[in-house]
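A.B. asks: For reference, the file run.txt (compact mmCIF, C-alpha atoms) is included below:
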# COMPACT_ATOMS: atom_id res chain seq x y z
CA MET A 3 22.44 17.49 6.06
CA ASN A 4 21.47 14.04 7.23
CA VAL A 5 22.58 11.36 4.73
CA GLU A 6 20.07 8.88 6.15
CA THR A 7 17.20 11.30 5.55
CA LYS A 8 18.43 12.04 2.02
CA THR A 9 18.55 8.32 1.28
CA TYR A 10 15.01 8.01 2.64
CA VAL A 11 13.75 10.89 0.46
CA ILE A 12 15.36 9.46 -2.68
CA GLY A 13 13.82 6.08 -1.85
CA LEU A 14 10.39 7.70 -1.48
CA LEU A 15 10.74 9.39 -4.85
CA GLU A 16 12.01 6.26 -6.58
CA SER A 17 9.22 4.10 -5.15
CA TYR A 18 6.42 6.61 -5.89
CA GLN A 19 4.97 4.70 -8.84
CA LYS A 20 5.22 1.36 -7.04
CA ARG A 21 3.38 2.82 -4.02
CA SER A 22 0.71 4.27 -6.31
CA LYS A 23 0.12 0.84 -7.82
CA GLN A 24 0.01 -0.79 -4.38
CA ILE A 25 -2.55 1.80 -3.23
CA GLU A 26 -4.75 1.02 -6.25
CA LEU A 27 -4.46 -2.73 -5.61
CA LEU A 28 -5.43 -2.35 -1.96
CA HIS A 29 -8.41 -0.15 -2.88
CA TYR A 30 -9.55 -2.91 -5.23
CA GLU A 31 -9.13 -5.58 -2.55
CA LEU A 32 -11.23 -3.52 -0.12
CA SER A 33 -13.95 -3.04 -2.73
CA HIS A 34 -13.91 -6.67 -3.85
CA PRO A 35 -13.00 -8.80 -0.86
CA ALA A 36 -12.38 -12.46 -1.50
CA ARG A 37 -14.58 -14.15 1.03
CA VAL A 38 -16.86 -17.10 1.40
CA SER A 39 -20.31 -16.28 2.67
CA GLU A 40 -21.51 -17.79 5.91
CA ASN A 41 -24.44 -19.42 4.11
CA GLU A 42 -22.11 -21.18 1.69
CA ILE A 43 -20.04 -22.54 4.57
CA ILE A 44 -23.01 -23.73 6.60
CA GLY A 45 -24.77 -25.11 3.56
CA ALA A 46 -21.74 -27.08 2.47
CA LEU A 47 -21.18 -28.58 5.90
CA ALA A 48 -24.79 -29.03 7.01
CA LEU A 49 -25.84 -30.79 3.82
CA ALA A 50 -22.78 -33.01 3.62
CA HIS A 51 -23.63 -36.59 2.83
CA GLY A 52 -22.96 -39.05 5.56
CA ASP A 53 -20.84 -42.08 4.82
CA GLY A 54 -23.45 -44.47 6.20
CA GLU A 55 -21.35 -45.37 9.24
CA LYS A 56 -22.46 -45.15 12.87
CA GLY A 57 -26.12 -44.97 12.05
CA HIS A 58 -25.97 -41.64 10.12
CA PRO A 59 -27.99 -42.08 6.97
CA GLY A 60 -26.70 -40.35 3.85
CA GLY A 61 -27.84 -36.72 3.48
CA HIS A 62 -28.31 -36.04 7.20
CA ALA A 63 -26.00 -33.85 9.20
CA SER A 64 -24.81 -34.88 12.61
CA ASP A 65 -24.80 -32.52 15.59
CA LYS A 66 -21.04 -32.52 15.29
CA THR A 67 -21.22 -31.30 11.68
CA LEU A 68 -23.57 -28.44 12.63
CA TYR A 69 -21.28 -27.48 15.52
CA ILE A 70 -18.31 -27.43 13.15
CA ALA A 71 -20.29 -25.35 10.64
CA LEU A 72 -21.25 -22.74 13.22
CA ASN A 73 -17.73 -22.51 14.62
CA TYR A 74 -16.33 -22.29 11.12
CA GLN A 75 -18.74 -19.44 10.37
CA ALA A 76 -17.47 -17.48 13.37
CA ARG A 77 -13.86 -18.22 12.43
CA ALA A 78 -14.44 -17.20 8.80
CA ASN A 79 -15.93 -13.91 9.96
CA HIS A 80 -12.93 -13.33 12.20
CA VAL A 81 -10.44 -14.12 9.40
CA ASN A 82 -12.33 -11.91 6.92
CA SER A 83 -12.28 -9.08 9.48
CA ASP A 84 -8.56 -9.54 10.19
CA THR A 85 -7.79 -9.51 6.49
CA ALA A 86 -9.77 -6.31 5.95
CA GLU A 87 -8.03 -4.65 8.90
CA GLU A 88 -4.63 -5.63 7.52
CA VAL A 89 -5.49 -4.22 4.10
CA VAL A 90 -6.76 -0.98 5.65
CA GLY A 91 -3.61 -0.68 7.78
CA GLN A 92 -1.33 -1.06 4.76
CA LEU A 93 -3.48 1.30 2.72
CA VAL A 94 -3.47 4.04 5.37
CA THR A 95 0.32 3.83 5.73
CA LEU A 96 0.93 3.99 1.98
CA GLU A 97 -1.58 6.79 1.38
CA ARG A 98 -0.24 8.86 4.27
CA GLU A 99 3.31 8.65 2.93
CA GLN A 100 2.18 9.38 -0.63
CA GLU A 101 0.10 12.39 0.45
CA ARG A 102 2.96 13.72 2.55
CA LEU A 103 5.40 13.43 -0.35
CA ASN A 104 2.94 15.08 -2.74
CA TYR A 105 2.39 17.94 -0.30
CA TYR A 106 6.10 18.51 0.32
CA VAL A 107 6.78 18.49 -3.43
CA SER A 108 4.00 21.07 -3.87
CA LEU A 109 5.89 23.37 -1.47
CA LEU A 110 9.01 23.34 -3.65
CA ASN A 111 9.95 26.02 -6.14
CA PRO A 112 7.58 25.40 -9.12
CA ARG A 113 10.46 24.47 -11.42
CA HIS A 114 11.82 21.96 -8.90
CA ALA A 115 8.37 20.50 -8.30
CA GLU A 116 7.66 20.15 -12.01
CA LEU A 117 10.93 18.34 -12.62
CA LEU A 118 10.48 15.89 -9.71
CA LYS A 119 6.95 15.13 -10.86
CA LEU A 120 8.15 14.42 -14.38
CA LEU A 121 11.08 12.29 -13.24
CA TYR A 122 9.55 10.31 -10.40
CA PHE A 123 5.77 10.59 -10.54
CA GLU A 124 5.41 10.27 -14.32
CA GLY A 125 8.55 8.22 -15.00
CA TYR A 126 10.30 10.38 -17.60
CA SER A 127 14.06 9.96 -18.08
CA GLN A 128 16.40 12.90 -17.48
CA GLU A 129 16.87 13.23 -21.23
CA GLU A 130 13.10 13.30 -21.83
CA CYS A 131 12.71 15.93 -19.12
CA ALA A 132 15.45 18.03 -20.71
CA LYS A 133 13.64 17.96 -24.06
CA LYS A 134 10.23 18.60 -22.50
CA LEU A 135 11.49 21.54 -20.42
CA GLU A 136 13.84 22.73 -23.18
CA ILE A 137 16.90 22.73 -20.92
CA ALA A 138 20.25 20.92 -20.90
CA THR A 139 20.53 17.46 -19.31
CA ARG A 140 23.11 18.77 -16.84
CA THR A 141 20.61 21.47 -15.82
CA VAL A 142 18.06 18.72 -15.17
CA ARG A 143 20.59 16.99 -12.89
CA ARG A 144 21.32 20.26 -11.03
CA ILE A 145 17.64 21.08 -10.55
CA LYS A 146 16.96 17.50 -9.42
CA ASP A 147 19.80 17.63 -6.89
CA ASP A 148 18.60 21.02 -5.58
CA ALA A 149 15.03 19.77 -5.29
CA ILE A 150 16.12 16.64 -3.42
CA GLU A 151 18.19 18.80 -1.06
CA GLU A 152 15.13 20.96 -0.40
CA LEU A 153 12.95 17.92 0.25
CA THR A 154 15.59 16.45 2.54
CA GLU A 155 15.59 19.68 4.56
CA MET A 156 11.79 19.46 4.89
CA TYR A 157 11.87 15.84 6.02
CA SER A 158 14.77 16.57 8.39
CA PHE A 159 12.88 19.48 9.92
CA THR A 160 9.66 17.56 10.44
CA GLY A 161 11.60 14.47 11.54
CA GLU A 162 13.34 16.50 14.25
CA ILE A 163 9.98 17.82 15.42
CA ALA A 164 8.57 14.33 15.65
CA ASN A 165 11.92 13.05 16.96
CA LYS A 166 11.65 10.33 14.36
CA LYS A 167 14.38 8.45 12.57
CA TYR A 168 13.65 7.35 9.02
CA PRO A 169 14.13 3.74 8.01
CA GLU A 170 16.93 2.91 5.68
CA ASP A 171 14.70 0.86 3.40
CA VAL A 172 11.64 2.27 1.69
CA GLN A 173 9.18 -0.35 0.48
Mind converting the file's structure to structure tokens?

C.D. replies:
Amino acid sequence: MNVETKTYVIGLLESYQKRSKQIELLHYELSHPARVSENEIIGALALAHGDGEKGHPGGHASDKTLYIALNYQARANHVNSDTAEEVVGQLVTLEREQERLNYYVSLLNPRHAELLKLLYFEGYSQEECAKKLEIATRTVRRIKDDAIEELTEMYSFTGEIANKKYPEDVQ
């Protein structure tokens, strides 16, 4: 068994709740983007009061100000687009890993799957799981170890197919 893959699997399980929260945050950011509208930008710059110098009366915009406003509008659109793309990229990566883990756990023996879900997905302690499942704490540890071994075999198998090495750190 590959120790690096086992470390990766344990990291995935331990960071499940954190990833779930990050996914929810990114969904919110996509639904409620923080952006300034083009009209607000142009309005603010185009209606800026002149300082009275160089023959520009107060309240009139210079050609330079309008040029800046239009360029700023294009730049703001570009930045807003880049930000959305970055959020989508992070979201796709997190969701793909979460879905993969959920699917692999669903392929486990039902008892193993139930225990991993309680421990890692729902955040129960080993003692709480023992009480809930009406088994000894050492049995919880054995089932957990067996389930992690099974998951590691799955990830090793699919990793060999994809010829992929897993990172040591899981975010």

A.B. asks: Please identify all polymer residues within 8 Å of region 119-128 of chain A, counting only C-alpha atoms, omitting same-chain residues fewer than 4 positions from it, and present them as a list in words.

C.D. replies: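 After dropping sequence-adjacent residues, the list is Leu15, Glu16, Tyr18, Gln19, Ala115, Ala132, Thr139, Val142 and Arg143 of chain A.
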
A.B. asks: Would you save the residues from that selection as a compact mmCIF listing (two decimals), in the coordinates of the input, using C-alpha atoms?

C.D. replies:
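Printed below is out.txt as written:
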# COMPACT_ATOMS: atom_id res chain seq x y z
CA LEU A 15 10.74 9.39 -4.85
CA GLU A 16 12.01 6.26 -6.58
CA TYR A 18 6.42 6.61 -5.89
CA GLN A 19 4.97 4.70 -8.84
CA ALA A 115 8.37 20.50 -8.30
CA ALA A 132 15.45 18.03 -20.71
CA THR A 139 20.53 17.46 -19.31
CA VAL A 142 18.06 18.72 -15.17
CA ARG A 143 20.59 16.99 -12.89

A.B. asks: In Å to one decimal, how far is CA of Arg21 (chain A) from CA of Glu136 (chain A)?

C.D. replies: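 Atom-to-atom, CA of Glu136 (chain A) to CA of Arg21 (chain A), that is 29.5 Å.
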
A.B. asks: Let me make sure I understand: among A:Asn82, A:Leu14, A:Tyr69, A:Glu116, which one has the smallest atom-to-atom distance to Glu101 (chain A) if we use only C-alpha atoms?

C.D. replies: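 Of the candidates, the smallest distance to Glu101 (chain A) is held by A:Leu14.
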
A.B. asks: Taking only C-alpha atoms into account, which of A:Leu27, A:Val5, A:Ile12, A:Ala76 comes nearest Ala149 (chain A)?

C.D. replies: A:Ile12

A.B. asks: What gap, in Å, lies between CA of Tyr10 (chain A) and CA of Leu93 (chain A)?

C.D. replies: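 Calculated distance between CA of Tyr10 (chain A) and CA of Leu93 (chain A) is 19.7 Å.
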
A.B. asks: Go through A:Leu32, A:Leu153, A:Val89, A:Leu135 one by one, measure the shortest atom-to-atom distance of each to Asn111 (chain A) using all atoms listed in the file, and give the residue with the smallest value.

C.D. replies: A:Leu153
